[in-house]
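Raw contents of run_24.cif, mmCIF, C-alpha atoms:
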```
data_coords
#
loop_
_atom_site.group_PDB
_atom_site.id
_atom_site.type_symbol
_atom_site.label_atom_id
_atom_site.label_comp_id
_atom_site.auth_asym_id
_atom_site.auth_seq_id
_atom_site.Cartn_x
_atom_site.Cartn_y
_atom_site.Cartn_z
ATOM 1 C CA MET O 1 -46.598 1.536 -6.711
ATOM 2 C CA LEU O 2 -43.892 1.787 -9.353
ATOM 3 C CA VAL O 3 -43.224 -1.332 -11.370
ATOM 4 C CA ASP O 4 -40.097 -2.083 -13.418
ATOM 5 C CA ASP O 5 -39.794 -3.661 -16.864
ATOM 6 C CA GLU O 6 -39.810 -7.151 -15.302
ATOM 7 C CA GLY O 7 -43.117 -6.528 -13.512
ATOM 8 C CA LEU O 8 -41.495 -6.133 -10.078
ATOM 9 C CA ALA O 9 -42.341 -3.420 -7.558
ATOM 10 C CA ILE O 10 -39.587 -0.813 -7.248
ATOM 11 C CA LEU O 11 -38.482 -0.214 -3.655
ATOM 12 C CA GLU O 12 -37.612 3.180 -2.239
ATOM 13 C CA GLU O 13 -34.099 3.865 -1.012
ATOM 14 C CA ASP O 14 -35.008 3.745 2.685
ATOM 15 C CA GLU O 15 -36.665 0.380 2.229
ATOM 16 C CA CYS O 16 -33.632 -0.931 0.327
ATOM 17 C CA PHE O 17 -31.312 -0.130 3.231
ATOM 18 C CA GLU O 18 -33.800 -1.479 5.760
ATOM 19 C CA LEU O 19 -34.027 -4.829 3.958
ATOM 20 C CA MET O 20 -30.289 -4.957 3.405
ATOM 21 C CA GLY O 21 -29.748 -4.387 7.118
ATOM 22 C CA SER O 22 -31.940 -7.396 7.902
ATOM 23 C CA ALA O 23 -29.554 -9.767 6.115
ATOM 24 C CA SER O 24 -26.046 -10.977 6.919
ATOM 25 C CA ILE O 25 -24.940 -12.606 3.666
ATOM 26 C CA GLY O 26 -24.513 -10.666 0.429
ATOM 27 C CA ARG O 27 -22.854 -11.264 -2.914
ATOM 28 C CA VAL O 28 -20.083 -9.143 -4.382
ATOM 29 C CA GLY O 29 -19.968 -8.868 -8.179
ATOM 30 C CA VAL O 30 -16.669 -7.871 -9.710
ATOM 31 C CA SER O 31 -14.493 -8.675 -12.714
ATOM 32 C CA ILE O 32 -11.233 -10.559 -12.223
ATOM 33 C CA GLY O 33 -9.292 -9.587 -15.302
ATOM 34 C CA ALA O 34 -12.026 -9.678 -17.966
ATOM 35 C CA ILE O 35 -13.929 -12.485 -16.268
ATOM 36 C CA PRO O 36 -17.032 -11.639 -14.254
ATOM 37 C CA ALA O 37 -17.339 -13.256 -10.846
ATOM 38 C CA ILE O 38 -19.683 -13.288 -7.862
ATOM 39 C CA PHE O 39 -18.580 -14.084 -4.297
ATOM 40 C CA PRO O 40 -20.787 -14.554 -1.235
ATOM 41 C CA VAL O 41 -19.615 -12.633 1.840
ATOM 42 C CA ASN O 42 -20.738 -12.067 5.418
ATOM 43 C CA PHE O 43 -21.411 -8.384 5.760
ATOM 44 C CA TYR O 44 -22.672 -5.781 8.160
ATOM 45 C CA LEU O 45 -24.539 -2.609 7.305
ATOM 46 C CA SER O 46 -23.866 0.393 9.503
ATOM 47 C CA HIS O 47 -25.341 3.822 8.668
ATOM 48 C CA ARG O 48 -25.653 2.958 4.970
ATOM 49 C CA THR O 49 -22.069 1.706 4.773
ATOM 50 C CA ILE O 50 -21.454 -1.946 3.920
ATOM 51 C CA PHE O 51 -18.564 -3.697 5.704
ATOM 52 C CA PHE O 52 -17.128 -7.086 4.844
ATOM 53 C CA ARG O 53 -13.823 -8.943 5.126
ATOM 54 C CA THR O 54 -11.419 -10.278 2.528
ATOM 55 C CA GLY O 55 -8.112 -12.059 2.841
ATOM 56 C CA SER O 56 -4.897 -10.177 2.365
ATOM 57 C CA GLY O 57 -3.389 -10.520 -1.125
ATOM 58 C CA THR O 58 -6.336 -12.506 -2.495
ATOM 59 C CA LYS O 59 -7.787 -12.228 -5.970
ATOM 60 C CA LEU O 60 -10.934 -10.700 -4.495
ATOM 61 C CA SER O 61 -8.958 -8.123 -2.583
ATOM 62 C CA ALA O 62 -7.106 -7.079 -5.758
ATOM 63 C CA ALA O 63 -10.234 -7.012 -7.896
ATOM 64 C CA LEU O 64 -11.980 -4.601 -5.559
ATOM 65 C CA ARG O 65 -9.488 -1.800 -6.179
ATOM 66 C CA GLU O 66 -10.704 1.368 -7.850
ATOM 67 C CA VAL O 67 -13.586 -0.112 -9.798
ATOM 68 C CA ASP O 68 -17.320 -0.036 -9.358
ATOM 69 C CA VAL O 69 -18.486 -3.146 -7.585
ATOM 70 C CA ALA O 70 -21.980 -4.634 -7.358
ATOM 71 C CA PHE O 71 -23.238 -5.770 -3.964
ATOM 72 C CA GLU O 72 -26.484 -7.717 -3.872
ATOM 73 C CA VAL O 73 -28.685 -9.040 -1.078
ATOM 74 C CA ASP O 74 -31.882 -10.985 -1.574
ATOM 75 C CA ARG O 75 -34.382 -13.169 0.194
ATOM 76 C CA ALA O 76 -36.705 -15.671 -1.413
ATOM 77 C CA ASP O 77 -39.582 -17.573 0.104
ATOM 78 C CA ALA O 78 -40.051 -20.762 -1.894
ATOM 79 C CA ILE O 79 -43.421 -21.590 -0.341
ATOM 80 C CA TYR O 80 -45.177 -18.282 -0.911
ATOM 81 C CA HIS O 81 -43.172 -17.337 -3.994
ATOM 82 C CA GLN O 82 -42.350 -14.000 -2.490
ATOM 83 C CA GLY O 83 -39.053 -12.238 -2.291
ATOM 84 C CA TRP O 84 -36.989 -9.110 -2.662
ATOM 85 C CA SER O 85 -33.566 -8.141 -3.873
ATOM 86 C CA VAL O 86 -31.460 -5.049 -3.299
ATOM 87 C CA LEU O 87 -28.472 -3.996 -5.394
ATOM 88 C CA ALA O 88 -25.866 -1.458 -4.278
ATOM 89 C CA VAL O 89 -23.165 -0.115 -6.591
ATOM 90 C CA GLY O 90 -20.049 1.776 -5.624
ATOM 91 C CA GLN O 91 -16.340 1.614 -4.960
ATOM 92 C CA CYS O 92 -14.820 -0.357 -2.109
ATOM 93 C CA HIS O 93 -12.071 0.900 0.146
ATOM 94 C CA GLU O 94 -9.971 -0.967 2.615
ATOM 95 C CA VAL O 95 -10.424 0.195 6.179
ATOM 96 C CA THR O 96 -6.951 1.159 7.370
ATOM 97 C CA GLU O 97 -7.404 4.017 9.827
ATOM 98 C CA ASP O 98 -7.004 2.896 13.419
ATOM 99 C CA VAL O 99 -10.049 4.855 14.525
ATOM 100 C CA GLU O 100 -12.231 3.188 11.944
ATOM 101 C CA LEU O 101 -10.791 -0.281 12.584
ATOM 102 C CA GLU O 102 -11.596 0.194 16.255
ATOM 103 C CA GLN O 103 -15.231 0.925 15.350
ATOM 104 C CA VAL O 104 -15.375 -2.094 13.057
ATOM 105 C CA LYS O 105 -13.955 -4.389 15.730
ATOM 106 C CA GLY O 106 -17.267 -4.403 17.528
ATOM 107 C CA LEU O 107 -19.325 -5.294 14.464
ATOM 108 C CA PRO O 108 -20.574 -8.852 13.935
ATOM 109 C CA LEU O 109 -18.205 -9.448 11.047
ATOM 110 C CA GLU O 110 -16.498 -12.678 12.090
ATOM 111 C CA PRO O 111 -15.782 -14.794 9.025
ATOM 112 C CA TRP O 112 -17.176 -18.332 8.916
ATOM 113 C CA ALA O 113 -14.297 -19.739 6.943
ATOM 114 C CA PRO O 114 -10.778 -20.386 8.175
ATOM 115 C CA GLY O 115 -7.943 -18.436 6.545
ATOM 116 C CA ASN O 116 -6.607 -15.014 7.137
ATOM 117 C CA ARG O 117 -9.419 -12.538 6.366
ATOM 118 C CA THR O 118 -7.765 -9.637 8.084
ATOM 119 C CA HIS O 119 -8.788 -6.959 5.606
ATOM 120 C CA VAL O 120 -11.945 -5.052 6.275
ATOM 121 C CA VAL O 121 -13.526 -3.440 3.245
ATOM 122 C CA ARG O 122 -16.070 -0.649 3.310
ATOM 123 C CA MET O 123 -18.424 0.285 0.525
ATOM 124 C CA ASP O 124 -20.387 3.514 0.539
ATOM 125 C CA PRO O 125 -22.891 2.871 -2.248
ATOM 126 C CA ASP O 126 -23.245 5.487 -4.981
ATOM 127 C CA PHE O 127 -26.797 4.215 -5.329
ATOM 128 C CA VAL O 128 -29.073 1.388 -4.307
ATOM 129 C CA THR O 129 -32.020 -0.106 -6.143
ATOM 130 C CA GLY O 130 -34.433 -2.755 -4.983
ATOM 131 C CA ARG O 131 -37.270 -4.905 -6.233
ATOM 132 C CA ARG O 132 -40.004 -6.931 -4.603
ATOM 133 C CA ILE O 133 -42.181 -9.671 -6.026
ATOM 134 C CA VAL O 134 -45.681 -8.439 -5.383
ATOM 135 C CA SER O 135 -47.809 -11.361 -6.478
ATOM 136 C CA ALA O 136 -47.356 -14.783 -7.993
ATOM 137 C CA PRO O 137 -48.695 -15.701 -11.391
ATOM 138 C CA HIS O 138 -49.089 -19.352 -10.447
ATOM 139 C CA ALA O 139 -52.251 -21.213 -11.183
ATOM 140 C CA MET Z 1 -7.896 -31.375 -0.348
ATOM 141 C CA LEU Z 2 -6.970 -28.287 -2.354
ATOM 142 C CA VAL Z 3 -7.431 -24.961 -0.619
ATOM 143 C CA ASP Z 4 -7.684 -21.527 -2.281
ATOM 144 C CA ASP Z 5 -6.112 -18.238 -1.206
ATOM 145 C CA GLU Z 6 -9.089 -17.510 1.074
ATOM 146 C CA GLY Z 7 -8.655 -20.796 2.986
ATOM 147 C CA LEU Z 8 -11.657 -22.468 1.315
ATOM 148 C CA ALA Z 9 -11.698 -26.023 -0.046
ATOM 149 C CA ILE Z 10 -11.762 -26.111 -3.851
ATOM 150 C CA LEU Z 11 -14.555 -28.287 -5.277
ATOM 151 C CA GLU Z 12 -14.177 -30.528 -8.302
ATOM 152 C CA GLU Z 13 -16.228 -29.868 -11.407
ATOM 153 C CA ASP Z 14 -18.609 -32.785 -10.861
ATOM 154 C CA GLU Z 15 -19.323 -31.629 -7.329
ATOM 155 C CA CYS Z 16 -19.937 -28.063 -8.557
ATOM 156 C CA PHE Z 17 -22.647 -29.223 -10.952
ATOM 157 C CA GLU Z 18 -24.137 -31.570 -8.359
ATOM 158 C CA LEU Z 19 -24.467 -28.746 -5.823
ATOM 159 C CA MET Z 20 -25.762 -26.335 -8.454
ATOM 160 C CA GLY Z 21 -28.418 -28.872 -9.434
ATOM 161 C CA SER Z 22 -29.616 -29.015 -5.821
ATOM 162 C CA ALA Z 23 -30.599 -25.325 -5.868
ATOM 163 C CA SER Z 24 -33.340 -23.395 -7.643
ATOM 164 C CA ILE Z 25 -32.283 -19.769 -7.179
ATOM 165 C CA GLY Z 26 -29.075 -18.356 -8.617
ATOM 166 C CA ARG Z 27 -27.634 -14.914 -9.256
ATOM 167 C CA VAL Z 28 -26.656 -13.541 -12.632
ATOM 168 C CA GLY Z 29 -23.793 -11.046 -12.702
ATOM 169 C CA VAL Z 30 -23.570 -8.776 -15.713
ATOM 170 C CA SER Z 31 -22.739 -5.193 -16.592
ATOM 171 C CA ILE Z 32 -25.498 -2.855 -17.718
ATOM 172 C CA GLY Z 33 -23.572 -0.233 -19.621
ATOM 173 C CA ALA Z 34 -20.490 0.181 -17.446
ATOM 174 C CA ILE Z 35 -22.372 -0.526 -14.220
ATOM 175 C CA PRO Z 36 -22.058 -3.960 -12.621
ATOM 176 C CA ALA Z 37 -25.284 -5.603 -11.497
ATOM 177 C CA ILE Z 38 -26.472 -8.841 -9.920
ATOM 178 C CA PHE Z 39 -29.981 -10.279 -10.397
ATOM 179 C CA PRO Z 40 -31.517 -13.264 -8.632
ATOM 180 C CA VAL Z 41 -33.277 -15.720 -10.963
ATOM 181 C CA ASN Z 42 -35.104 -19.022 -10.725
ATOM 182 C CA PHE Z 43 -33.122 -21.507 -12.745
ATOM 183 C CA TYR Z 44 -32.966 -25.122 -13.727
ATOM 184 C CA LEU Z 45 -29.855 -27.148 -14.474
ATOM 185 C CA SER Z 46 -30.192 -29.812 -17.131
ATOM 186 C CA HIS Z 47 -27.148 -31.801 -18.324
ATOM 187 C CA ARG Z 48 -24.744 -29.017 -17.305
ATOM 188 C CA THR Z 49 -26.806 -26.348 -19.071
ATOM 189 C CA ILE Z 50 -28.365 -23.571 -16.989
ATOM 190 C CA PHE Z 51 -31.844 -22.362 -18.012
ATOM 191 C CA PHE Z 52 -33.624 -19.273 -16.723
ATOM 192 C CA ARG Z 53 -36.223 -16.783 -17.907
ATOM 193 C CA THR Z 54 -36.061 -13.071 -18.602
ATOM 194 C CA GLY Z 55 -38.647 -10.611 -19.822
ATOM 195 C CA SER Z 56 -38.706 -9.546 -23.437
ATOM 196 C CA GLY Z 57 -36.977 -6.228 -24.085
ATOM 197 C CA THR Z 58 -35.737 -5.847 -20.516
ATOM 198 C CA LYS Z 59 -32.424 -4.396 -19.457
ATOM 199 C CA LEU Z 60 -31.345 -7.830 -18.273
ATOM 200 C CA SER Z 61 -32.250 -9.405 -21.575
ATOM 201 C CA ALA Z 62 -30.176 -6.825 -23.470
ATOM 202 C CA ALA Z 63 -27.225 -7.061 -21.100
ATOM 203 C CA LEU Z 64 -26.919 -10.806 -21.600
ATOM 204 C CA ARG Z 65 -26.079 -10.512 -25.281
ATOM 205 C CA GLU Z 66 -22.668 -11.669 -26.445
ATOM 206 C CA VAL Z 67 -20.766 -11.090 -23.256
ATOM 207 C CA ASP Z 68 -19.431 -13.384 -20.586
ATOM 208 C CA VAL Z 69 -21.844 -13.615 -17.710
ATOM 209 C CA ALA Z 70 -21.285 -14.844 -14.158
ATOM 210 C CA PHE Z 71 -23.833 -17.212 -12.652
ATOM 211 C CA GLU Z 72 -23.513 -17.989 -8.960
ATOM 212 C CA VAL Z 73 -25.298 -20.363 -6.602
ATOM 213 C CA ASP Z 74 -24.587 -20.717 -2.903
ATOM 214 C CA ARG Z 75 -25.931 -22.121 0.305
ATOM 215 C CA ALA Z 76 -25.097 -20.950 3.792
ATOM 216 C CA ASP Z 77 -25.952 -22.499 7.123
ATOM 217 C CA ALA Z 78 -25.964 -19.762 9.734
ATOM 218 C CA ILE Z 79 -26.088 -22.158 12.692
ATOM 219 C CA TYR Z 80 -23.175 -24.397 11.770
ATOM 220 C CA HIS Z 81 -21.284 -21.727 9.818
ATOM 221 C CA GLN Z 82 -20.986 -24.039 6.858
ATOM 222 C CA GLY Z 83 -21.637 -23.358 3.238
ATOM 223 C CA TRP Z 84 -20.604 -23.619 -0.361
ATOM 224 C CA SER Z 85 -20.678 -21.496 -3.482
ATOM 225 C CA VAL Z 86 -20.386 -22.368 -7.153
ATOM 226 C CA LEU Z 87 -19.583 -19.911 -9.937
ATOM 227 C CA ALA Z 88 -20.195 -20.598 -13.632
ATOM 228 C CA VAL Z 89 -18.968 -18.292 -16.396
ATOM 229 C CA GLY Z 90 -20.031 -18.277 -20.024
ATOM 230 C CA GLN Z 91 -22.205 -16.694 -22.656
ATOM 231 C CA CYS Z 92 -25.991 -16.808 -22.594
ATOM 232 C CA HIS Z 93 -28.158 -17.547 -25.597
ATOM 233 C CA GLU Z 94 -31.869 -17.155 -25.999
ATOM 234 C CA VAL Z 95 -33.667 -20.407 -26.643
ATOM 235 C CA THR Z 96 -35.539 -19.867 -29.908
ATOM 236 C CA GLU Z 97 -35.619 -23.250 -31.636
ATOM 237 C CA ASP Z 98 -39.025 -24.899 -31.356
ATOM 238 C CA VAL Z 99 -37.482 -28.254 -30.506
ATOM 239 C CA GLU Z 100 -35.518 -26.786 -27.649
ATOM 240 C CA LEU Z 101 -38.435 -24.686 -26.391
ATOM 241 C CA GLU Z 102 -40.512 -27.855 -26.308
ATOM 242 C CA GLN Z 103 -37.883 -29.516 -24.107
ATOM 243 C CA VAL Z 104 -37.734 -26.495 -21.828
ATOM 244 C CA LYS Z 105 -41.516 -26.391 -21.456
ATOM 245 C CA GLY Z 106 -41.406 -29.380 -19.131
ATOM 246 C CA LEU Z 107 -38.766 -27.884 -16.828
ATOM 247 C CA PRO Z 108 -39.699 -26.354 -13.476
ATOM 248 C CA LEU Z 109 -38.927 -22.844 -14.652
ATOM 249 C CA GLU Z 110 -42.098 -20.979 -13.774
ATOM 250 C CA PRO Z 111 -41.283 -17.436 -12.684
ATOM 251 C CA TRP Z 112 -42.474 -16.298 -9.251
ATOM 252 C CA ALA Z 113 -43.006 -12.719 -10.286
ATOM 253 C CA PRO Z 114 -45.761 -11.377 -12.506
ATOM 254 C CA GLY Z 115 -44.775 -9.780 -15.812
ATOM 255 C CA ASN Z 116 -43.996 -11.258 -19.144
ATOM 256 C CA ARG Z 117 -40.918 -13.460 -18.719
ATOM 257 C CA THR Z 118 -41.373 -15.244 -21.993
ATOM 258 C CA HIS Z 119 -37.721 -15.468 -22.945
ATOM 259 C CA VAL Z 120 -35.840 -18.569 -21.973
ATOM 260 C CA VAL Z 121 -32.085 -18.174 -21.742
ATOM 261 C CA ARG Z 122 -29.568 -20.995 -21.765
ATOM 262 C CA MET Z 123 -26.011 -20.827 -20.540
ATOM 263 C CA ASP Z 124 -23.482 -23.539 -21.285
ATOM 264 C CA PRO Z 125 -20.693 -22.619 -18.880
ATOM 265 C CA ASP Z 126 -17.158 -22.294 -20.231
ATOM 266 C CA PHE Z 127 -16.053 -23.275 -16.750
ATOM 267 C CA VAL Z 128 -17.290 -23.718 -13.218
ATOM 268 C CA THR Z 129 -15.463 -23.265 -9.946
ATOM 269 C CA GLY Z 130 -16.666 -23.955 -6.430
ATOM 270 C CA ARG Z 131 -15.635 -23.507 -2.834
ATOM 271 C CA ARG Z 132 -16.731 -25.005 0.447
ATOM 272 C CA ILE Z 133 -16.187 -23.765 3.978
ATOM 273 C CA VAL Z 134 -14.514 -26.675 5.695
ATOM 274 C CA SER Z 135 -14.397 -25.538 9.294
ATOM 275 C CA ALA Z 136 -15.271 -22.535 11.398
ATOM 276 C CA PRO Z 137 -12.669 -20.476 13.224
ATOM 277 C CA HIS Z 138 -15.142 -19.393 15.886
ATOM 278 C CA ALA Z 139 -14.259 -19.582 19.536
#
```

structure tokens encoding of this file:
Amino acid sequence: MLVDDEGLAILEEDECFELMGSASIGRVGVSIGAIPAIFPVNFYLSHRTIFFRTGSGTKLSAALREVDVAFEVDRADAIYHQGWSVLAVGQCHEVTEDVELEQVKGLPLEPWAPGNRTHVVRMDPDFVTGRRIVSAPHA
Amino acid sequence: MLVDDEGLAILEEDECFELMGSASIGRVGVSIGAIPAIFPVNFYLSHRTIFFRTGSGTKLSAALREVDVAFEVDRADAIYHQGWSVLAVGQCHEVTEDVELEQVKGLPLEPWAPGNRTHVVRMDPDFVTGRRIVSAPHA
């Protein structure tokens, strides 16, 4: 088992995608101007591509253009002090092709919030990394 | 009620800190080199200051130096499609003064993971913003 500099077990790529696919809420990390920001989003993973929605003309939508974006998913168990986190990095692209939009239509991507989240964004990660807490140091 | 460009209700500062104080896991957004990253951390909020631990000499520890960092906390209810998120932005500083370390010692900041997370970091946010989902559009 490989361990990182924080003492966490390093996950293999397949496991990262498997864990990511088991979740439905992720966080997008991006800079708005020079200010870093993190937004939670509902997402769906399909064949190693991450899909989520943003509103048209929103700050988030603008910030996602042509920059590397961080996408993180995690799960923590407060009772057993176990957990994992997976980080994907890559560029986002708006889904505009009719064929692709048709495919996306069937995905469980309905937003929870009101407002006009008509834009579907896809992210094909350049890489993913993941970590798992393997044991607790608690007394 | 103020609403943002995504159709979410904008929270007031007091409410942001109140919600943040009700959580114990947050996500730190920072760039490592030019690559954006998000890390989950156990944290504790005390008088509007965020405390969390990092390992000595880790990538995270280095990345936190003298740059603006995003710190995000959220809660989502998958059944009722309700939720909120709070974002704090500011610089992080390692807690090195004995007096301050003594104060921090009593805080519920024990790390879940093994490894040497001896460094305590404090963040006094320059600002916080928060959003709440006010109703679901689901049929």

Legend entry - Counting all atoms listed in the file, the option among Z:Ile50, Z:Val104, Z:Val69, Z:Ala9 closest to Val30 of chain Z: Z:Val69

Inset, instruction - Determine the nearest neighbour of Ile35 of chain O from the options Z:Asp126, Z:Asp77, Z:Glu97, Z:Asp68, counting all atoms listed in the file. - result: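 Looking only at the distances to Ile35 of chain O, the closest residue turns out to be Z:Asp68.
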
What does chain O look like once superposed on chain Z, all Cα atoms paired in sequence order, least squares? Give it as a compact mmCIF listing (two decimals) with C-alpha atoms, in the coordinates of the input.
```txt
# COMPACT_ATOMS: atom_id res chain seq x y z
CA MET O 1 -7.89 -31.38 -0.33
CA LEU O 2 -6.99 -28.29 -2.34
CA VAL O 3 -7.44 -24.97 -0.60
CA ASP O 4 -7.69 -21.55 -2.27
CA ASP O 5 -6.12 -18.25 -1.23
CA GLU O 6 -9.10 -17.52 1.06
CA GLY O 7 -8.65 -20.80 2.97
CA LEU O 8 -11.66 -22.48 1.32
CA ALA O 9 -11.71 -26.02 -0.04
CA ILE O 10 -11.76 -26.12 -3.84
CA LEU O 11 -14.55 -28.28 -5.26
CA GLU O 12 -14.18 -30.53 -8.28
CA GLU O 13 -16.24 -29.86 -11.38
CA ASP O 14 -18.62 -32.79 -10.84
CA GLU O 15 -19.34 -31.62 -7.32
CA CYS O 16 -19.94 -28.07 -8.55
CA PHE O 17 -22.65 -29.23 -10.95
CA GLU O 18 -24.14 -31.56 -8.35
CA LEU O 19 -24.48 -28.74 -5.81
CA MET O 20 -25.76 -26.33 -8.43
CA GLY O 21 -28.41 -28.86 -9.42
CA SER O 22 -29.62 -29.00 -5.82
CA ALA O 23 -30.59 -25.32 -5.86
CA SER O 24 -33.33 -23.39 -7.65
CA ILE O 25 -32.28 -19.77 -7.18
CA GLY O 26 -29.08 -18.34 -8.63
CA ARG O 27 -27.66 -14.90 -9.25
CA VAL O 28 -26.66 -13.53 -12.64
CA GLY O 29 -23.79 -11.04 -12.70
CA VAL O 30 -23.56 -8.77 -15.71
CA SER O 31 -22.73 -5.18 -16.59
CA ILE O 32 -25.48 -2.83 -17.73
CA GLY O 33 -23.56 -0.22 -19.64
CA ALA O 34 -20.47 0.20 -17.43
CA ILE O 35 -22.37 -0.52 -14.22
CA PRO O 36 -22.06 -3.95 -12.64
CA ALA O 37 -25.28 -5.59 -11.50
CA ILE O 38 -26.47 -8.83 -9.93
CA PHE O 39 -29.97 -10.26 -10.39
CA PRO O 40 -31.51 -13.26 -8.63
CA VAL O 41 -33.26 -15.72 -10.96
CA ASN O 42 -35.10 -19.02 -10.72
CA PHE O 43 -33.12 -21.50 -12.74
CA TYR O 44 -32.96 -25.13 -13.72
CA LEU O 45 -29.86 -27.15 -14.46
CA SER O 46 -30.19 -29.83 -17.11
CA HIS O 47 -27.13 -31.80 -18.31
CA ARG O 48 -24.74 -29.01 -17.29
CA THR O 49 -26.80 -26.35 -19.05
CA ILE O 50 -28.37 -23.58 -16.98
CA PHE O 51 -31.84 -22.37 -18.01
CA PHE O 52 -33.62 -19.29 -16.71
CA ARG O 53 -36.23 -16.79 -17.89
CA THR O 54 -36.06 -13.08 -18.60
CA GLY O 55 -38.66 -10.64 -19.83
CA SER O 56 -38.71 -9.59 -23.44
CA GLY O 57 -36.98 -6.25 -24.12
CA THR O 58 -35.75 -5.85 -20.53
CA LYS O 59 -32.43 -4.40 -19.47
CA LEU O 60 -31.35 -7.84 -18.28
CA SER O 61 -32.25 -9.42 -21.58
CA ALA O 62 -30.17 -6.83 -23.47
CA ALA O 63 -27.22 -7.06 -21.11
CA LEU O 64 -26.91 -10.80 -21.59
CA ARG O 65 -26.06 -10.50 -25.28
CA GLU O 66 -22.64 -11.63 -26.45
CA VAL O 67 -20.75 -11.07 -23.23
CA ASP O 68 -19.42 -13.37 -20.57
CA VAL O 69 -21.85 -13.59 -17.70
CA ALA O 70 -21.29 -14.82 -14.15
CA PHE O 71 -23.83 -17.20 -12.64
CA GLU O 72 -23.52 -17.98 -8.95
CA VAL O 73 -25.31 -20.35 -6.59
CA ASP O 74 -24.59 -20.70 -2.90
CA ARG O 75 -25.96 -22.09 0.31
CA ALA O 76 -25.10 -20.94 3.80
CA ASP O 77 -25.96 -22.51 7.11
CA ALA O 78 -25.98 -19.77 9.73
CA ILE O 79 -26.09 -22.17 12.68
CA TYR O 80 -23.18 -24.40 11.75
CA HIS O 81 -21.29 -21.74 9.81
CA GLN O 82 -20.99 -24.04 6.86
CA GLY O 83 -21.63 -23.34 3.24
CA TRP O 84 -20.61 -23.61 -0.37
CA SER O 85 -20.69 -21.48 -3.47
CA VAL O 86 -20.39 -22.35 -7.14
CA LEU O 87 -19.59 -19.90 -9.93
CA ALA O 88 -20.20 -20.59 -13.62
CA VAL O 89 -18.96 -18.28 -16.39
CA GLY O 90 -20.02 -18.27 -20.00
CA GLN O 91 -22.20 -16.69 -22.65
CA CYS O 92 -25.98 -16.81 -22.58
CA HIS O 93 -28.16 -17.54 -25.57
CA GLU O 94 -31.85 -17.15 -25.98
CA VAL O 95 -33.66 -20.40 -26.64
CA THR O 96 -35.52 -19.88 -29.90
CA GLU O 97 -35.62 -23.25 -31.64
CA ASP O 98 -39.02 -24.90 -31.38
CA VAL O 99 -37.48 -28.26 -30.53
CA GLU O 100 -35.53 -26.80 -27.66
CA LEU O 101 -38.44 -24.70 -26.40
CA GLU O 102 -40.53 -27.85 -26.34
CA GLN O 103 -37.92 -29.53 -24.12
CA VAL O 104 -37.76 -26.50 -21.84
CA LYS O 105 -41.54 -26.39 -21.47
CA GLY O 106 -41.44 -29.34 -19.13
CA LEU O 107 -38.77 -27.89 -16.85
CA PRO O 108 -39.72 -26.36 -13.49
CA LEU O 109 -38.94 -22.85 -14.66
CA GLU O 110 -42.14 -21.01 -13.78
CA PRO O 111 -41.32 -17.47 -12.70
CA TRP O 112 -42.50 -16.31 -9.27
CA ALA O 113 -43.03 -12.74 -10.32
CA PRO O 114 -45.80 -11.39 -12.53
CA GLY O 115 -44.80 -9.79 -15.84
CA ASN O 116 -44.01 -11.24 -19.17
CA ARG O 117 -40.93 -13.47 -18.75
CA THR O 118 -41.37 -15.25 -22.02
CA HIS O 119 -37.71 -15.48 -22.95
CA VAL O 120 -35.83 -18.58 -21.97
CA VAL O 121 -32.08 -18.18 -21.74
CA ARG O 122 -29.56 -20.99 -21.77
CA MET O 123 -26.01 -20.82 -20.52
CA ASP O 124 -23.48 -23.52 -21.28
CA PRO O 125 -20.69 -22.62 -18.85
CA ASP O 126 -17.16 -22.29 -20.22
CA PHE O 127 -16.04 -23.27 -16.73
CA VAL O 128 -17.30 -23.71 -13.20
CA THR O 129 -15.46 -23.25 -9.93
CA GLY O 130 -16.67 -23.95 -6.43
CA ARG O 131 -15.66 -23.49 -2.82
CA ARG O 132 -16.74 -25.00 0.47
CA ILE O 133 -16.19 -23.77 4.00
CA VAL O 134 -14.51 -26.68 5.69
CA SER O 135 -14.32 -25.56 9.29
CA ALA O 136 -15.21 -22.54 11.37
CA PRO O 137 -12.62 -20.47 13.16
CA HIS O 138 -15.07 -19.44 15.87
CA ALA O 139 -14.14 -19.65 19.49
```

Inset, instruction - Please work out which residues fall within 7 Å of (-20.6, -13.3, -0.7), coordinates as given in the file, with only C-alpha atoms counting, and return them as an MDAnalysis selection string. - result: chainID O and resid 25:28 39:42

Produce the centre coordinates and the three edge lengths, each in Å to one decimal, of the box along x, y and z that contains all listed atoms of segment 67-72 of chain O with 3 Å added on each side, as AutoDock Vina command-line options.
```
--center_x -20.0 --center_y -3.9 --center_z -6.8 --size_x 18.9 --size_y 13.7 --size_z 11.9
```

Inset, instruction - Check the smallest atom-to-atom distance from each of O:Thr118, O:Thr129, O:Thr58, O:Ser31 to chain Z using only C-alpha atoms, then report the winner. - result: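 So, comparing all the options, the nearest one is O:Thr58.
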
When you look at Arg65 of chain Z with a cut-off of 8 Å (counting all atoms listed in the file), what residues show up, excluding the ones that are within fewer than 4 positions of it in the same chain? I need them as an mmCIF file with C-alpha atoms, keeping the file's coordinate frame.
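The file below, result-v8.cif, is the result:
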```
data_model
loop_
_atom_site.group_PDB
_atom_site.id
_atom_site.type_symbol
_atom_site.label_atom_id
_atom_site.label_comp_id
_atom_site.auth_asym_id
_atom_site.auth_seq_id
_atom_site.Cartn_x
_atom_site.Cartn_y
_atom_site.Cartn_z
ATOM 1 C CA SER Z 61 -32.250 -9.405 -21.575
ATOM 2 C CA GLN Z 91 -22.205 -16.694 -22.656
ATOM 3 C CA CYS Z 92 -25.991 -16.808 -22.594
ATOM 4 C CA HIS Z 93 -28.158 -17.547 -25.597
#
```

Legend entry - Interatomic distance (Å, one decimal) between atom CA of Gln82 of chain Z and atom CA of Asp14 of chain Z: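 About the pair atom CA of Gln82 of chain Z and atom CA of Asp14 of chain Z: they are 19.9 Å apart.
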